[in-house]
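Undergrad: Let me begin by handing over the structure; questions about it come next.
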Amino acid sequence: MEKQYIELYKAHHQLIKQNSAAVINRSRDAAFAKFESLGFPTIKHENYLYTDLKPVFSPDYGLNFRRLSFPVNPYQTFRCDVPEIYSYQFFVVNDGFYPPKEEHNGNLPKGVIICGLKEASEKHPELVAQYYGKLTAPQNDALVAFNETFAQDGFFMYVPENVHMDKPVQLVNIMRSDVDLLANSRNLIIIEKGAKAQLLVCDHAMDDVNFVANRVSEVFVGENAVYENYKLENTHDKTANLATVLIDQKESSDTLMNIITLNNGISRNNIEVAMNGEKCEAELCGMMIGGGQQQIDNHTTIMHNKPNCHSNELFKYVLDDVSKGAFTGRIFVEKDAQQTRAYQLNRNILLSKRAKVRTRPQLEIYADDVKCSHGATIGQIDEQALFYMRTRGISLPEARLLLMYAFAADVIENIRIPSLANRMKMLVEKRMRGELGMHEGCTLCMH
Amino acid sequence: MSDAIIHEVTQSEYKYGFTTDIETEVIPPGLNEDIVRLISAKKNEPEWMLEFRLKAFRQWQKMKMPDWAHLNIPEIDYQSISYYAAPKKKSISSLDEVDPEILATFEKLGIPLEEQKILSGIAVDAVMDSVSVKTTFKETLAEKGIIFCSFSEAVQEHPDLVKKYLGTVVPSGDNFFAALNSAVFSDGSFVYIPKGVRCPMELSTYFRINTQNTGQFERTLIIADDESYVSYLEGCTAPQRDENQLHAAVVEIIALEHAEVKYSTVQNWYPGDKEGNGGVYNFVTKRGICKGEGSHISWTQVETGSAITWKYPSCILKGDNSTAEFYSVAVTNHFQQADTGTKMIHLGKNTGSRIISKGISAGLSQNSYRGLVKVGPNAENARNFSQCDSMLLGDKCGAHTFPYMEINNESAIVEHEATTSKISEDQIFYCNQRGISTEDAIGLIVNGYAKEVMDKLPMEFAVEAQKLLQISLEGSVG
Amino acid sequence: MLEIKNLHVSIDGKEILKGLSLSVKPGEVHAIMGPNGSGKSTLASAIVGHPAFEVTSGSVTFEGRNLLEKDPEERANEGIFLSFQYPVEIPGVSMVNFMRTAINEQRKYRKLPPMSASDFLRFMREKKALVDMDNKLTNRSVNEGFSGGEKKKNEIFQMAMLEPKLAILDETDSGLDIDALRIVANGVNKLKSPEKSTILITHYQRLLEYIVPDYVHVLHDGKIVKSGTKDLALELEAKGYDWLK
Ligand SMILES: Nc1ncnc2c1ncn2[C@@H]1O[C@H](COP(=O)(O)OP(=O)(O)OP(=O)(O)O)[C@@H](O)[C@H]1O
Ligand SMILES: [Mg+2]
């Protein structure tokens with residue numbers, strides 16, 4: 001399976017490097033060597049028991065090494081129709097950053113840089129060099145190495161010390177191609193000491209072809225900084241969305257990750273939060289709605305490396321038809337990371353006979369003064385509550401829906417931007433009613 | 001809690017460390033087909049038994065020792081182990097014929113074969129190394145048609161039963177250690193409870209590892225026919241040793257329609273010394289099948305010993321309306337490593353399982369719970385509840401929880417909860433304020449913490465198990 | 001209005017109601033009393049159509065139509081309301097959303113257009129005042145974290161919102177403080193009209209001082225063993241149930 005990519009790299013590494021910035025090229029060969037030795041993981045691999053990458057990578061895809069631009073103007077197609085969400089909106093088409101309109105970029109707070117990773121590497125090479133590849137280097141994951149082997153561009157955001165972003169930043173990832181396409185986009189996000197930023201990421205697929213997006217994001221959250229990341233996935237059944245998000249937290253920083261998946265093909269989120277300073281807070285949550293043949297696998301790791309950090313994790317799945325859900329939640333508490341508090345909950349509702357769920361909460365604890373817990377439940381909609389509602393005249397399907405909305409409520413409540421929470425709620429409800437098509441963008445991004 | 005107390009609490013020495021001097025017959029170390037044949041020949045086995053062993057041996061040769069993420073296992077040289085040892089003097093008929101040394105050993109272990117067990121009504125099939133030394137109460141049991149004998153005897157006397165069920169729950173190629181056991185197992189116990197019979201007493205076997213460099217490969221087969229009941233106790237204490245010893249047992253349980261089997265274990269093999277030298281490697285495959293409708297299997301274990309424990313007593317819930325339970329307390333101290341848990345495989349309709357696991361880690365030890373709950377596509381209305389708690393005594397040990405849940409049927413309700421916490425200072429202080437020393441307080445708290453599991457042990461075991469819990473955390477506990 | 005004839009009901013194969021008959025006419029208030037476990041709540045559950053309770057024989061009609069073949073929500077929309085003895089908590093479903101859905105389903109059933117958001121809120125405010133319901137409670141999820149008494153009040157509030165033809169109150173008085181009891185009773189009385197009927201299940205005479213029943217029935221072992229006027233309740237209060245067994 002990996003052979004075709006190994007040969008591809010050997011044949012084209014010059015081309016890739018020529019069309020890419022020097023700082024990004026530095027670790028490319030090492031990443032390739034790592035990928036070559038690891039190969040794609042099979043379903044025997046502990047971390048990939050529930051996502052089979054074989055059907056994802058076996059077919060033949062186009063890769064855009066020459067950085068050709070795709071015929072699309074996202075600013076025409078995608079327009080934010082949510083008047084309450086004023087955001088700085090940016091687009092990445094496949095793996096290329098789309099040049100922003102002046103009005104979107106012009107009035108960013110002072111010192112803030114948002115641009116393509118390629119552009120950033122050319123204009124601010126020292127800054128990029130300081131961070132790029134720092135979190136991926138210790139990783140022993142084939143998808144990460146694969147990304148670094150081929151990555152040329154992506155999204156770059158830099159928020160300097162003590163700058164509080166006045167508006168959320170919205171990043172719309174669009175897959176757009178007339179032929180089957182594989183894109184390795186790479187994001188680098190730096191939130192310096194005392195800074196605050198909110199990033200809303202929307203993943204969409206535009207064409208009826210097979211897409212593989214293998215995205216890697218490195219996120220650096222400085223001392224006392226606050227970083228919120230909302231992710232909405234509404235692609236289609238031919239999209240494999242493989243996303244690795246590596247977050248490095250410094251002392252007293254606060255991160256929030258909230259993932260909502262509505263429509264997709266195969267999704268694999270590999271999220272690792274490393275608390276590398278004391279008194280960090282991290283919140284990770286997700287609402288996954290699966291139907292048809294959707295496959296959703298969230299693989300999360302929270303590394304409590306320092307004392308006095310708190311983490312809280314909540315992942316919920318509603319699975320219908322023949323969809324498959326998987327969750328792995330690893331909580332690791334390093335020696336001497338005393339006063340750790342780590343909580344995790346995964347709840348699943350199966351709506352159909354052939355839906356499947358695999359859940360794997362894990363606690364790995366090497367310090368004694370800790371309070372850690374995890375819980376996982378698999379069940380159905382509460383029969384008693386259903387009956388109670390019916391005695392109030394609410395029909396069975398309606399009562400079911402209400403309970404399903406309720407099930408999603410606490411994940412949505414976690415969204416700290418009220419207007420966004422309302423929108424997400426609306427989208428989730430629309431999806432649960434079966435009214436949100438997979439080819440649609442979402443009302444967040446599109447008219 | 002201060003380090004001093006932890007040190008005190010966790011520095012108990014192995015009480016049962018002594019060696020019995022009995023002449024044993026040992027075949028030379030090493031493993032090949034000839035050795036397998038030799039073992040079979042020494043035991044006078046029929047052809048089909050030899051075939052079973054040889055098949056397993058060939059499978060084993062193709063297998064690799066598993067590589068586990070959370071166990072640090074030194075290289076084991078399977079060619080330096082002797083695969084057969086039997087006390088030279090075989091004395092069966094009366095107690096007088098039993099080697100006085102052995103009797104004295106049991107005495108020291110607190111298991112006076114005659115008095116205590118007879119008085120408490122337990123039939124003991126005491127296994128010293130590999131061969132059954134003595135079986136009591138056989139006649140009483142025989143009256144009810146119950147068969148309780150050594151495995152070798154069963155092969156000779158009840159070949160049809162053995163042939164029918166051996167390897168049906170744990171196939172010979174199931175895993176590396178099960179294959180090894182299937183090839184070279186020396187002896188063990190065999191139990192058959194006929195239809196409709198409630199076994200009137202707790203059946204019990206005490207295992208010990210004795211002779212140096214002798215791997216111990218027990219094989220146990222328990223068959224509970226329709227509507228029968230049996231409670232089986234297995235306990236082990238091993239003498240102190242310098243070399244590591246390998247223990248790879250296989251236990252198979254078959255519960256037919258409406259049958260109920262309770263299997264309780266107190267495991268206290270030699271854990272190695274405070275520096276982590278020596279100690280038993282305990283790689284056990286235990287599995288039961290609730291084959292018949294409405295059958296029930298319950299595993300209860302108190303694991304305090306062994307340098308390395310790798311063990312997942314499991315249940316296959318095949319019969320409709322069958323239920324299974326797993327109750328476990330695992331204590332690790334010093335350099336011990338335990339990786340234990342269970343697998344509940346729900347296949348039949350309306351099946352239920354319950355998992356309660358309590359881990360206690362002290363010293364430099366690593367204690368992991370690993371479990372699987374699987375609900376098959378046709379297992380309508382499966383129910384599972386799991387609770388896995390870990391307690392840490394000290395900041396140099398580790399406590400880990402790795403549950404796997406694989407659900408393929410929408411009518412399932414599966415709940416898993418796990419917590420990890422340290423022993424509560426508030427509780428200790430509260431006890432102190434009432435005049436209870438910290439050591440005693442820890443004893444109280446740990447016993448309270450494990451109570452839900454300890455309560456599941458048969459009376460005869462409960463006292464001993466509590467003692468072991470205290471001993472393994474001794475210094476202050478108890 | 002409600003006609004129950006020779007009703008047999010069982011749960012898990014165990015017969016609980018063993019031939020119960022009861023007739024309730026418009027405007028009437030019936031009190032049902034009886035020892036614990038006699039089947040009072042079972043009767044209420046059977047009337048509203050709890051799926052766990054199996055009607056093995058007998059009939060129940062409401063305004064001449066067979067009730068037993070209807071779904072619970074149809075029965076509710078026909079105008080039957082049960083104030084549960086043990087109302088369930090529904091985390092995540094807000095009271096407002098819950099009530100609006102219920103009201104609009106009812107309106108749909110009656111072929112009326114949905115109520116506008118502002119009308120609904122006004123209507124809700126009105127009814128809250130009627131039963132003296134705290135705003136704090138209606139802003140929370142259905143019954144979640146409510147105290148025992150608050151749950152009962154919430155049931156009456158829902159009753160006020162849904163304006164049923166037949167209200168069954170299963171021990172709505174237990175757990176209420178004296179003020180709350182008066183408020184609940186007032187609420188029930190205010191909703192009373194010549195077309196509307198009430199079945200009160202209670203253990204205590206006290207409620208019956210506020211809501212005066214036309215009939216009192218004693219349920220024992222799945223059957224009505226005695227019926228009388230409100231004086232029967234007083235007699236029960238004095239003598240207990242033993243003399244009836
Ligand atoms: N879900 C159930 N499963 C089994 N038995 C039930 C169930 N519900 C009720 N019962 C039994 O049915 C009988 C009648 O119960 P019911 O709740 O109708 O009594 P009640 O008259 O309302 O009592 P109380 O005054 O205590 O409220 C009791 O014996 C009860 O245990
Ligand atoms: Mg009742």
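Chain lettering (A, B, ...) mirrors the order of the structure tokens, residue numbering begins at 1 for each chain separately, and ligand numbering begins at 1 in order of display.
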Can you list, as a CSV table (one decimal) with all heavy atoms, in the first residue's frame, every residue of segment 96-158 of chain A that DSSP puts in helix (DSSP H, G or I)?

TA:
chain,number,residue,atom,x,y,z
A,102,GLU,N,-8.8,41.6,0.9
A,102,GLU,CA,-8.2,42.6,1.7
A,102,GLU,C,-9.1,42.8,3.0
A,102,GLU,O,-8.6,42.9,4.1
A,102,GLU,CB,-8.0,43.9,0.9
A,102,GLU,CG,-7.2,44.9,1.6
A,102,GLU,CD,-5.8,44.3,2.1
A,102,GLU,OE1,-5.3,43.4,1.5
A,102,GLU,OE2,-5.3,44.8,3.1
A,103,GLU,N,-10.4,42.9,2.7
A,103,GLU,CA,-11.3,43.3,3.9
A,103,GLU,C,-11.3,42.2,5.0
A,103,GLU,O,-11.6,42.5,6.1
A,103,GLU,CB,-12.7,43.5,3.3
A,103,GLU,CG,-13.4,42.2,2.9
A,103,GLU,CD,-14.4,42.4,1.8
A,103,GLU,OE1,-14.0,42.8,0.7
A,103,GLU,OE2,-15.6,42.1,2.0
A,104,HIS,N,-10.9,41.0,4.6
A,104,HIS,CA,-10.9,40.0,5.6
A,104,HIS,C,-9.6,39.9,6.4
A,104,HIS,O,-9.5,39.5,7.5
A,104,HIS,CB,-11.1,38.6,4.9
A,104,HIS,CG,-12.5,38.4,4.6
A,104,HIS,ND1,-13.1,38.8,3.4
A,104,HIS,CD2,-13.5,37.8,5.3
A,104,HIS,CE1,-14.3,38.5,3.4
A,104,HIS,NE2,-14.6,37.8,4.5
A,105,ASN,N,-8.6,40.4,5.7
A,105,ASN,CA,-7.3,40.3,6.4
A,105,ASN,C,-6.8,41.7,6.9
A,105,ASN,O,-6.0,41.8,7.8
A,105,ASN,CB,-6.3,39.8,5.3
A,105,ASN,CG,-5.2,39.0,6.0
A,105,ASN,OD1,-5.2,39.0,7.2
A,105,ASN,ND2,-4.3,38.4,5.2
A,117,LEU,N,0.8,28.7,5.0
A,117,LEU,CA,2.1,28.2,5.6
A,117,LEU,C,3.2,28.5,4.7
A,117,LEU,O,4.3,28.8,5.1
A,117,LEU,CB,1.9,26.8,6.0
A,117,LEU,CG,3.2,26.1,6.6
A,117,LEU,CD1,3.4,26.8,8.0
A,117,LEU,CD2,3.0,24.6,6.8
A,118,LYS,N,3.0,28.3,3.4
A,118,LYS,CA,4.1,28.5,2.4
A,118,LYS,C,4.5,30.0,2.4
A,118,LYS,O,5.7,30.2,2.6
A,118,LYS,CB,3.5,28.1,1.0
A,118,LYS,CG,4.5,28.1,-0.1
A,118,LYS,CD,4.0,27.4,-1.3
A,118,LYS,CE,5.0,27.2,-2.4
A,118,LYS,NZ,5.1,28.4,-3.1
A,119,GLU,N,3.5,30.9,2.4
A,119,GLU,CA,3.9,32.3,2.5
A,119,GLU,C,4.6,32.6,3.8
A,119,GLU,O,5.6,33.4,3.8
A,119,GLU,CB,2.6,33.1,2.3
A,119,GLU,CG,2.7,34.6,2.3
A,119,GLU,CD,1.4,35.3,2.3
A,119,GLU,OE1,0.4,34.7,1.9
A,119,GLU,OE2,1.4,36.5,2.7
A,120,ALA,N,4.1,32.1,4.9
A,120,ALA,CA,4.7,32.4,6.2
A,120,ALA,C,6.2,31.9,6.2
A,120,ALA,O,7.0,32.6,6.7
A,120,ALA,CB,3.9,31.7,7.3
A,121,SER,N,6.4,30.7,5.6
A,121,SER,CA,7.7,30.2,5.6
A,121,SER,C,8.7,31.0,4.8
A,121,SER,O,9.9,31.1,5.0
A,121,SER,CB,7.7,28.8,5.0
A,121,SER,OG,6.7,28.0,5.6
A,122,GLU,N,8.1,31.7,3.8
A,122,GLU,CA,9.0,32.6,2.9
A,122,GLU,C,9.2,33.9,3.6
A,122,GLU,O,10.3,34.5,3.6
A,122,GLU,CB,8.3,32.7,1.6
A,122,GLU,CG,8.6,31.5,0.7
A,122,GLU,CD,7.5,31.3,-0.4
A,122,GLU,OE1,6.6,32.2,-0.5
A,122,GLU,OE2,7.5,30.2,-1.0
A,123,LYS,N,8.1,34.5,4.2
A,123,LYS,CA,8.2,35.8,4.8
A,123,LYS,C,8.7,35.8,6.2
A,123,LYS,O,9.3,36.8,6.6
A,123,LYS,CB,6.8,36.5,4.8
A,123,LYS,CG,6.3,36.8,3.4
A,123,LYS,CD,5.1,37.7,3.5
A,123,LYS,CE,4.6,38.0,2.1
A,123,LYS,NZ,3.1,38.4,2.1
A,125,PRO,N,10.7,33.2,7.9
A,125,PRO,CA,11.3,31.9,8.1
A,125,PRO,C,11.7,31.6,9.5
A,125,PRO,O,11.6,30.4,10.0
A,125,PRO,CB,12.5,31.9,7.1
A,125,PRO,CG,12.7,33.3,6.8
A,125,PRO,CD,11.4,34.0,7.0
A,126,GLU,N,12.2,32.6,10.3
A,126,GLU,CA,12.7,32.3,11.6
A,126,GLU,C,11.6,31.8,12.5
A,126,GLU,O,11.7,30.9,13.3
A,126,GLU,CB,13.4,33.5,12.3
A,126,GLU,CG,13.8,34.7,11.5
A,126,GLU,CD,12.6,35.4,10.7
A,126,GLU,OE1,11.6,35.7,11.4
A,126,GLU,OE2,12.7,35.5,9.5
A,127,LEU,N,10.5,32.5,12.4
A,127,LEU,CA,9.3,32.2,13.2
A,127,LEU,C,8.8,30.8,12.9
A,127,LEU,O,8.6,30.0,13.8
A,127,LEU,CB,8.2,33.2,12.9
A,127,LEU,CG,6.9,33.1,13.8
A,127,LEU,CD1,7.2,33.3,15.2
A,127,LEU,CD2,5.9,34.2,13.3
A,128,VAL,N,8.7,30.5,11.7
A,128,VAL,CA,8.2,29.1,11.3
A,128,VAL,C,9.2,28.1,11.7
A,128,VAL,O,8.8,27.1,12.3
A,128,VAL,CB,7.9,29.0,9.8
A,128,VAL,CG1,7.6,27.6,9.4
A,128,VAL,CG2,6.8,30.0,9.4
A,129,ALA,N,10.5,28.4,11.5
A,129,ALA,CA,11.5,27.4,11.9
A,129,ALA,C,11.5,27.1,13.4
A,129,ALA,O,11.8,26.0,13.8
A,129,ALA,CB,12.9,27.9,11.4
A,130,GLN,N,11.2,28.1,14.1
A,130,GLN,CA,11.2,27.9,15.6
A,130,GLN,C,10.1,26.9,16.0
A,130,GLN,O,10.3,26.2,17.0
A,130,GLN,CB,10.9,29.3,16.2
A,130,GLN,CG,11.2,29.4,17.7
A,130,GLN,CD,10.8,30.7,18.2
A,130,GLN,OE1,10.7,31.7,17.5
A,130,GLN,NE2,10.4,30.7,19.5
A,131,TYR,N,9.1,26.7,15.2
A,131,TYR,CA,7.9,25.9,15.7
A,131,TYR,C,7.7,24.7,14.8
A,131,TYR,O,7.3,23.6,15.2
A,131,TYR,CB,6.7,26.7,15.7
A,131,TYR,CG,6.7,27.7,16.9
A,131,TYR,CD1,6.9,29.1,16.6
A,131,TYR,CD2,6.4,27.3,18.2
A,131,TYR,CE1,6.9,30.0,17.6
A,131,TYR,CE2,6.4,28.3,19.2
A,131,TYR,CZ,6.7,29.6,18.9
A,131,TYR,OH,6.7,30.5,19.9
A,142,ALA,N,2.5,7.1,11.4
A,142,ALA,CA,2.7,7.0,9.9
A,142,ALA,C,2.0,8.2,9.2
A,142,ALA,O,2.6,8.8,8.3
A,142,ALA,CB,2.3,5.7,9.4
A,143,LEU,N,0.8,8.5,9.7
A,143,LEU,CA,0.1,9.6,9.0
A,143,LEU,C,0.8,10.9,9.2
A,143,LEU,O,0.8,11.8,8.3
A,143,LEU,CB,-1.4,9.6,9.5
A,143,LEU,CG,-2.3,8.5,9.1
A,143,LEU,CD1,-3.7,8.7,9.6
A,143,LEU,CD2,-2.3,8.2,7.6
A,144,VAL,N,1.3,11.1,10.3
A,144,VAL,CA,2.1,12.4,10.6
A,144,VAL,C,3.3,12.4,9.7
A,144,VAL,O,3.6,13.4,9.0
A,144,VAL,CB,2.4,12.5,12.1
A,144,VAL,CG1,3.3,13.7,12.3
A,144,VAL,CG2,1.2,12.6,12.9
A,145,ALA,N,4.0,11.3,9.7
A,145,ALA,CA,5.2,11.3,8.8
A,145,ALA,C,4.9,11.4,7.4
A,145,ALA,O,5.6,12.1,6.6
A,145,ALA,CB,6.0,10.0,9.1
A,146,PHE,N,3.8,10.8,7.0
A,146,PHE,CA,3.3,10.9,5.6
A,146,PHE,C,3.0,12.4,5.2
A,146,PHE,O,3.4,12.9,4.2
A,146,PHE,CB,2.1,10.1,5.5
A,146,PHE,CG,1.5,10.0,4.1
A,146,PHE,CD1,2.1,9.1,3.1
A,146,PHE,CD2,0.4,10.7,3.7
A,146,PHE,CE1,1.6,9.0,1.8
A,146,PHE,CE2,-0.1,10.6,2.4
A,146,PHE,CZ,0.5,9.7,1.5
A,147,ASN,N,2.3,13.0,6.2
A,147,ASN,CA,2.0,14.5,5.9
A,147,ASN,C,3.3,15.3,5.8
A,147,ASN,O,3.4,16.1,4.8
A,147,ASN,CB,1.2,15.0,7.1
A,147,ASN,CG,0.9,16.5,7.0
A,147,ASN,OD1,1.8,17.3,7.3
A,147,ASN,ND2,-0.3,16.8,6.5
A,148,GLU,N,4.2,15.1,6.7
A,148,GLU,CA,5.4,15.9,6.6
A,148,GLU,C,6.3,15.6,5.4
A,148,GLU,O,7.0,16.4,4.9
A,148,GLU,CB,6.2,15.7,7.9
A,148,GLU,CG,7.2,16.8,8.2
A,148,GLU,CD,7.4,17.0,9.7
A,148,GLU,OE1,6.5,16.9,10.5
A,148,GLU,OE2,8.6,17.2,10.1
A,149,THR,N,6.1,14.4,4.9
A,149,THR,CA,6.8,14.0,3.7
A,149,THR,C,6.3,14.8,2.5
A,149,THR,O,7.1,15.3,1.6
A,149,THR,CB,6.6,12.5,3.4
A,149,THR,OG1,7.1,11.8,4.5
A,149,THR,CG2,7.4,12.1,2.1
A,150,PHE,N,5.0,15.1,2.5
A,150,PHE,CA,4.4,15.7,1.3
A,150,PHE,C,3.9,17.1,1.5
A,150,PHE,O,3.6,17.8,0.5
A,150,PHE,CB,3.3,14.8,0.7
A,150,PHE,CG,3.8,13.5,0.2
A,150,PHE,CD1,3.5,12.3,0.9
A,150,PHE,CD2,4.5,13.4,-1.0
A,150,PHE,CE1,3.9,11.1,0.4
A,150,PHE,CE2,4.9,12.2,-1.5
A,150,PHE,CZ,4.7,11.0,-0.8

Undergrad: Using only C-alpha atoms and a cut-off of 10 Å, which residues of chain C sit close to chain A? Please list them as a ChimeraX atom specification.

TA: /C:45,48-51,71-84,87-94,97-107,109,141-142,158-159,162

Undergrad: Please write out the residues within 9 Å of ligand 1 as number ranges by chain, counting only C-alpha atoms and all ligand atoms.

TA: C: 10-12, 14-17, 33-45, 52-53, 85, 170-171, 201-203, 219-222

Undergrad: Counting only C-alpha atoms, a student should be able to say which residues of chain B come within 6 Å of chain A; what is the right answer, written as a VMD selection string?

TA: chain B and resid 392 394 to 395 397 to 410 412 to 422

Undergrad: Using only C-alpha atoms and all ligand atoms, which of C:Leu208, C:Ile168, C:Leu244, C:Val225 sits nearest ligand 2?

TA: C:Ile168

Undergrad: Measure the distance from atom CA of Lys226 of chain C to atom CA of Lys25 of chain C in Å and round it to one decimal.

TA: 18.5 Å

Undergrad: Report, in Å to a single decimal, how far apart atom CA of Met344 of chain B and atom CA of Val375 of chain B are.

TA: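 Atom CA of Val375 of chain B sits 8.4 Å away from atom CA of Met344 of chain B.
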
Undergrad: Neighbours of Ile4 of chain C within 10 Å (only C-alpha atoms; same-chain residues fewer than 6 positions away dropped), as a ChimeraX atom specification?

TA: /C:19-24,47,58-62,67
